[in-house]
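A.B. asks: Structure provided below as structure tokens; questions to follow.
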Amino acid sequence: MPAAALLALFFVGPALWALYSSLTNLALVGIDAANPRFVGIDNYTRLLADPDFWTVIRNSVVFVVGSAVIGQFGLGLALALLIDHAEHRRWWLGTLAYGAVLLAWVNPTLIAGFLWVAMYDFFFGSLNHVFLSSLGASPVDWLGSFPMPAVIVANIWRGTAFTMIIFLGALKTIPPDIYEAARIDGANAWRRFWDHTLPSLRPIAALALLSITMSTFGTFIVIQTLTNGGPGINTEVIALYAFHTAFKSFSIGYGSAIAVVMLALNFAFAILYLRWSRARA
Amino acid sequence: MTTRAESRAARSTAAPRGASWVETIAAHLVFGVVVLFFLVPFLWLFTSAFDADAVAYIRVPAKPTLDNFVRIFTEHDFGRALVNSVFVAGSTMVLDVVAVSLAGYSLSRLDLRFKSWIMYAVLLLQTMPLSATMVPIYGLARALGLRNSYVGLILIHAAIELPFLIWLMKNFFDNVPRYLEEAAWLDGRSKLRALVEVVLPVARNGIGVVAGLSFLAAWAEVLMMIILIDSQDLKTVPLAFYETLRTQGGYTEVQYGLVAAMGVLYAVPVMAIFLATRRMMVRGLVASSRGL
């Protein structure tokens with residue numbers, strides 16, 4: 001019961017509150033703060049006509065594809081395969097790599113953002129001052145010229161461990177007899193990997209991919225500390241847009257409409273996730 | 001049934017020959033790059049925290065010192081932030097352990113109608129990103145007078161982790177045999193006493209994971225802190241860190257040494273607890289994503 005009450009208050013409550021206030025012109029300051037008016041679906045029609053909103057959606061898609069699908073998923077899978085292999089070979093460097101990836105993940109997100117602020121710093125950041133200058137190259141304005149790749153790399157650094165752990169766990173459940181049989185049939189390492197390892201990973205891969213897509217879609221802190229959506233709105237993703245609209249432009253009603261869009265998209269992903277995980281069970 | 005050790009042995013015999021030296025070198029090069037990529041940013045955090053005039057790039061501290069750690073307590077009231085954070089995270093942990101034990105136990109044992117629907121609803125809540133509920137939670141907390149209050153911080157942090165922890169704990173309870181509590185009932189214990197005295201001790205690994213994860217999550221979380229707290233008295237560790245980083249940018253130089261010292265005190269407890277209990281934590285995480 002206490003759990004149900006807390007869940008109702010802080011999950012269902014906000015969702016309903018968001019739906020309601022997205023239909024008003026509630027603001028943080030000014031006359032609309034005291035007397036919010038009911039404005040129907042005005043906030044939503046305004047959202048659809050807002051060119052910034054479409055840029056923000058495009059940024060979010062680029063960020064999710066780069067950071068979750070290619071980065072965390074691809075790198076996580078590659079690392080899991082390599083580290084699993086290293087375990088059989090008893091290479092200790094594989095264990096060290098595992099620990100390093102894990103450390104970046106358990107570290108508070110705010111610290112992750114801050115560490116990369118220092119890495120990317122134009123005048124004195126480690127990337128320019130230590131790495132590039134030792135190669136004799138001239139400094140690069142990472143956050144100014146390549147803001148999106150920069151935040152994507154930082155987020156890959158932070159979040160790769162999750163998929164890696166999931167795949168390492170899944171690899172351990174593949175029965176060894178399968179490989180033995182395939183070897184007797186004369187399949188080479190590449191064929192064994194392609195015909196047996198990958199297909200056994202497929203169901204868990206679908207779930208892991210959806211799961212990181214959802215969490216990456218909500219990324220806020222990493223981008224906020226690194227670029228705060230800038231330069232301009234080049235790295236403004238949907239979570240930042242909702243935040244800036246509500247707390248910098250003080251339009252809670254409009255900000256809530258953005259939050260409702262986020263929740264709806266997330267809901268769609270989640271339903272898909274539930275269907276796939278039920279199909280597995 | 002093969003044990004893990006056996007299956008590992010079987011697989012290593014399944015690996016054909018020893019590794020060729022090309023393979024060995026290539027794999028070690030890749031691992032070297034991975035280790036560098038993931039560890040170098042931390043290297044900077046630890047060198048600057050002990051550097052009297054820290055800079056944004058990595059170097060061996062010019063003048064090694066503990067001065068940064070002294071100054072954050074004397075000049076930036078970091079002690080207050082530490083106490084606030086420990087209090088909020090600790091209370092969150094207690095609240096979560098109680099709520100999750102009750103909820104997980106009932107979902108594991110009771111024959112509720114629509115039980116699978118309840119489980120899926122809980123799972124659905126777990127996937128809601130915090131940044132999507134941030135604006136409405138702000139509005140709700142303001143309406144309920146929960147901004148700038150310990151109660152608000154604790155309740156919200158307890159709620160954030162609940163769905164995930166309930167799933168986790170239900171799986172732990174599912175592995176506790178039923179005859180244990182049935183014997184306790186026959187002895188005349190009430191259901192609640194049987195849960196506390198018989199079932200919880202058996203599921204103590206689960207309780208440990210729940211306690212650890214809820215403490216760490218509340219300690220590290222920053223989004224809710226930003227929107228709920230603007231009073232100096234309630235400032236927590238991440239807020240102090242955030243403030244020192246933000247207010248010193250612009251015209252004044254960022255005091256990297258101070259920020260890094262705060263960062264060390266903020267991040268090290270999390271890493272230490274997690275790494276010390278990583279087997280349990282990782283297993284809990286994997287179990288929760290697979291027990292669907």
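Residue names in the structure tokens use chain letters A, B, ... in the order shown, residue numbers from 1 in each chain, and ligand numbers from 1 in the order shown.
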Show which residues sit within 9 Å of Ala260 of chain B, as an MDAnalysis selection string. Count only C-alpha atoms, and ignore same-chain residues fewer than 5 positions away.

C.D. replies: chainID B and resid 44:50 54 68 241 255 265

A.B. asks: Using only C-alpha atoms, determine which residues lie at most 8 Å from Pro139 of chain A, disregarding the query and same-chain residues fewer than 2 positions distant; provide the list as a ChimeraX atom specification.

C.D. replies: /A:122-123,128-129,132-133,137,141

A.B. asks: I need the chosen residues saved as a CSV table (one decimal), in the first residue's frame, with N, CA and C atoms.

C.D. replies:
```csv
chain,number,residue,atom,x,y,z
A,122,PHE,N,38.3,24.4,-24.8
A,122,PHE,CA,39.0,24.8,-26.0
A,122,PHE,C,40.5,25.2,-25.7
A,123,PHE,N,40.7,26.0,-24.7
A,123,PHE,CA,42.1,26.5,-24.4
A,123,PHE,C,42.9,25.4,-23.6
A,128,ASN,N,42.6,19.0,-26.4
A,128,ASN,CA,43.4,20.0,-27.2
A,128,ASN,C,44.8,20.1,-26.6
A,129,HIS,N,44.9,20.4,-25.3
A,129,HIS,CA,46.2,20.8,-24.7
A,129,HIS,C,47.2,19.6,-24.6
A,132,LEU,N,46.0,16.7,-28.8
A,132,LEU,CA,46.3,17.2,-30.1
A,132,LEU,C,47.6,17.9,-30.2
A,133,SER,N,48.0,18.7,-29.1
A,133,SER,CA,49.2,19.4,-29.2
A,133,SER,C,50.4,18.5,-29.2
A,137,ALA,N,49.0,19.0,-33.7
A,137,ALA,CA,47.8,19.5,-34.5
A,137,ALA,C,47.3,20.8,-33.8
A,141,ASP,N,37.7,23.4,-31.7
A,141,ASP,CA,36.6,23.9,-30.8
A,141,ASP,C,35.6,22.8,-30.8
```

A.B. asks: Which is closer to Phe38 of chain B than all the others in A:Val62, A:Ala161, A:Val140, A:Leu168, using only C-alpha atoms?

C.D. replies: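 Of A:Val62, A:Ala161, A:Val140, A:Leu168, the one nearest Phe38 of chain B, counting only C-alpha atoms, is A:Ala161.
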
A.B. asks: Got a sec: who's within 9 Å of Gly139 of chain B, counting only C-alpha atoms, leaving out chain neighbours fewer than 3 positions off, as a list in words?

C.D. replies: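 The contact residues come out as Pro14, Trp17, Ala18 and Ile252 of chain A; Met134, Val135, Pro136, Arg142, Ala143 and Leu144 of chain B.
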
A.B. asks: What does the file look like for those residues with all heavy atoms, as an mmCIF file, in the first residue's frame?

C.D. replies:
```cif
data_model
loop_
_atom_site.group_PDB
_atom_site.id
_atom_site.type_symbol
_atom_site.label_atom_id
_atom_site.label_comp_id
_atom_site.auth_asym_id
_atom_site.auth_seq_id
_atom_site.Cartn_x
_atom_site.Cartn_y
_atom_site.Cartn_z
ATOM 1 N N PRO A 14 1.746 13.254 -11.664
ATOM 2 C CA PRO A 14 2.367 14.141 -12.641
ATOM 3 C C PRO A 14 1.814 13.971 -14.053
ATOM 4 O O PRO A 14 1.630 14.951 -14.771
ATOM 5 C CB PRO A 14 3.841 13.740 -12.597
ATOM 6 C CG PRO A 14 4.029 13.190 -11.251
ATOM 7 C CD PRO A 14 2.745 12.523 -10.880
ATOM 8 N N TRP A 17 -1.489 15.662 -14.091
ATOM 9 C CA TRP A 17 -1.267 17.096 -13.940
ATOM 10 C C TRP A 17 -0.747 17.680 -15.250
ATOM 11 O O TRP A 17 -1.167 18.746 -15.685
ATOM 12 C CB TRP A 17 -0.269 17.341 -12.809
ATOM 13 C CG TRP A 17 -0.191 18.766 -12.387
ATOM 14 C CD1 TRP A 17 -0.922 19.381 -11.418
ATOM 15 C CD2 TRP A 17 0.671 19.780 -12.932
ATOM 16 N NE1 TRP A 17 -0.581 20.691 -11.328
ATOM 17 C CE2 TRP A 17 0.394 20.969 -12.239
ATOM 18 C CE3 TRP A 17 1.636 19.782 -13.945
ATOM 19 C CZ2 TRP A 17 1.054 22.162 -12.512
ATOM 20 C CZ3 TRP A 17 2.291 20.974 -14.221
ATOM 21 C CH2 TRP A 17 1.998 22.150 -13.503
ATOM 22 N N ALA A 18 0.157 16.949 -15.897
ATOM 23 C CA ALA A 18 0.721 17.416 -17.163
ATOM 24 C C ALA A 18 -0.374 17.533 -18.217
ATOM 25 O O ALA A 18 -0.451 18.523 -18.945
ATOM 26 C CB ALA A 18 1.809 16.472 -17.642
ATOM 27 N N ILE A 252 4.687 27.176 -18.154
ATOM 28 C CA ILE A 252 4.478 25.824 -17.654
ATOM 29 C C ILE A 252 3.481 25.068 -18.535
ATOM 30 O O ILE A 252 3.660 23.892 -18.834
ATOM 31 C CB ILE A 252 3.952 25.864 -16.203
ATOM 32 C CG1 ILE A 252 4.999 26.468 -15.279
ATOM 33 C CG2 ILE A 252 3.562 24.470 -15.737
ATOM 34 C CD1 ILE A 252 5.992 25.517 -14.721
ATOM 35 N N MET B 134 9.563 15.850 -15.196
ATOM 36 C CA MET B 134 10.170 16.944 -14.428
ATOM 37 C C MET B 134 9.262 18.163 -14.308
ATOM 38 O O MET B 134 9.045 18.685 -13.212
ATOM 39 C CB MET B 134 11.482 17.278 -15.130
ATOM 40 C CG MET B 134 12.129 18.571 -14.855
ATOM 41 S SD MET B 134 13.730 18.562 -15.681
ATOM 42 C CE MET B 134 13.238 18.642 -17.400
ATOM 43 N N VAL B 135 8.694 18.612 -15.437
ATOM 44 C CA VAL B 135 7.850 19.804 -15.390
ATOM 45 C C VAL B 135 6.599 19.559 -14.531
ATOM 46 O O VAL B 135 6.318 20.323 -13.604
ATOM 47 C CB VAL B 135 7.474 20.265 -16.815
ATOM 48 C CG1 VAL B 135 6.530 21.445 -16.761
ATOM 49 C CG2 VAL B 135 8.719 20.623 -17.595
ATOM 50 N N PRO B 136 5.845 18.460 -14.791
ATOM 51 C CA PRO B 136 4.689 18.214 -13.927
ATOM 52 C C PRO B 136 5.043 17.973 -12.464
ATOM 53 O O PRO B 136 4.293 18.418 -11.579
ATOM 54 C CB PRO B 136 4.034 16.967 -14.523
ATOM 55 C CG PRO B 136 4.919 16.490 -15.595
ATOM 56 C CD PRO B 136 5.828 17.582 -15.964
ATOM 57 N N ARG B 142 4.964 22.097 -6.125
ATOM 58 C CA ARG B 142 4.676 23.466 -5.723
ATOM 59 C C ARG B 142 3.266 23.550 -5.132
ATOM 60 O O ARG B 142 3.038 24.182 -4.114
ATOM 61 C CB ARG B 142 4.798 24.409 -6.926
ATOM 62 C CG ARG B 142 5.015 25.844 -6.522
ATOM 63 C CD ARG B 142 5.301 26.711 -7.705
ATOM 64 N NE ARG B 142 4.208 26.636 -8.680
ATOM 65 C CZ ARG B 142 3.935 27.600 -9.554
ATOM 66 N NH1 ARG B 142 4.685 28.691 -9.574
ATOM 67 N NH2 ARG B 142 2.965 27.479 -10.415
ATOM 68 N N ALA B 143 2.325 22.857 -5.776
ATOM 69 C CA ALA B 143 0.948 22.899 -5.298
ATOM 70 C C ALA B 143 0.820 22.237 -3.925
ATOM 71 O O ALA B 143 0.030 22.670 -3.089
ATOM 72 C CB ALA B 143 0.028 22.211 -6.313
ATOM 73 N N LEU B 144 1.615 21.197 -3.679
ATOM 74 C CA LEU B 144 1.509 20.463 -2.413
ATOM 75 C C LEU B 144 2.452 21.012 -1.344
ATOM 76 O O LEU B 144 2.519 20.471 -0.243
ATOM 77 C CB LEU B 144 1.827 18.979 -2.630
ATOM 78 C CG LEU B 144 0.894 18.212 -3.555
ATOM 79 C CD1 LEU B 144 1.403 16.796 -3.782
ATOM 80 C CD2 LEU B 144 -0.507 18.173 -2.957
#
```

A.B. asks: Near segment 150-156 of chain B, counting only C-alpha atoms, which residues have an atom at most 12 Å away, once you skip same-chain residues fewer than 4 positions from it, shown as a ChimeraX atom specification?

C.D. replies: /A:2-3,5-11,13-14 /B:84-96,99,130,133-134,137-138,140-146,160-162,214-215,217-219,221-229,231,233-236

A.B. asks: Select from segment 31-151 of chain B everything DSSP, run on the backbone, classes as alpha helix (DSSP H), then give the selection as a PyMOL selection string.

C.D. replies: chain B and resi 31-49+67-74+78-109+115-126+130-143+150-151

A.B. asks: Residues near Val35 of chain B, anyone? I mean within 10 Å using only C-alpha atoms, not counting same-chain ones fewer than 5 positions away, as a list of chain:residue names.

C.D. replies: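 Neighbouring residues, sequence-local ones excluded: A:Leu93, A:Gly94, A:Leu96, A:Ala97, A:Tyr98, A:Gly99, A:Ala100, A:Val101, B:Leu29, B:Val30, B:Val40.
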
A.B. asks: What's around Ala205 of chain A at 10 Å? Count only C-alpha atoms, leave out sequence neighbours fewer than 2 positions away in its own chain, and write the answer as number ranges by chain.

C.D. replies: A: 73, 77, 163, 166-167, 170, 198-203, 207-211

A.B. asks: Considering only C-alpha atoms, can you say which of B:Tyr266, B:Phe69, B:Phe114, B:Trp167 comes closest to chain A?

C.D. replies: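 Closest residue, counting only C-alpha atoms: B:Tyr266.
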
A.B. asks: A:Ile156, A:Ala78, A:Val64, A:Trp142: which is nearest Pro231 of chain A, counting only C-alpha atoms?

C.D. replies: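 Selected residue with least distance to Pro231 of chain A: A:Trp142.
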
A.B. asks: Of the residues A:Leu265, A:Ile204, A:Ala259, A:Ile70, which is the one nearest to chain B, using only C-alpha atoms?

C.D. replies: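 Closest residue, counting only C-alpha atoms: A:Ala259.
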
A.B. asks: Give me, as a list of chain:residue names, all polymer residues having an atom no more than 12 Å from Leu110 of chain B, counting only C-alpha atoms and skipping those fewer than 3 positions away in the same chain.

C.D. replies: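 Residues near the query, excluding close chain neighbours: B:Leu102, B:Ala103, B:Gly104, B:Tyr105, B:Ser106, B:Leu107, B:Arg113, B:Phe114, B:Lys115, B:Ser116, B:Lys170, B:Phe173, B:Asp174, B:Arg178, B:Lys191.
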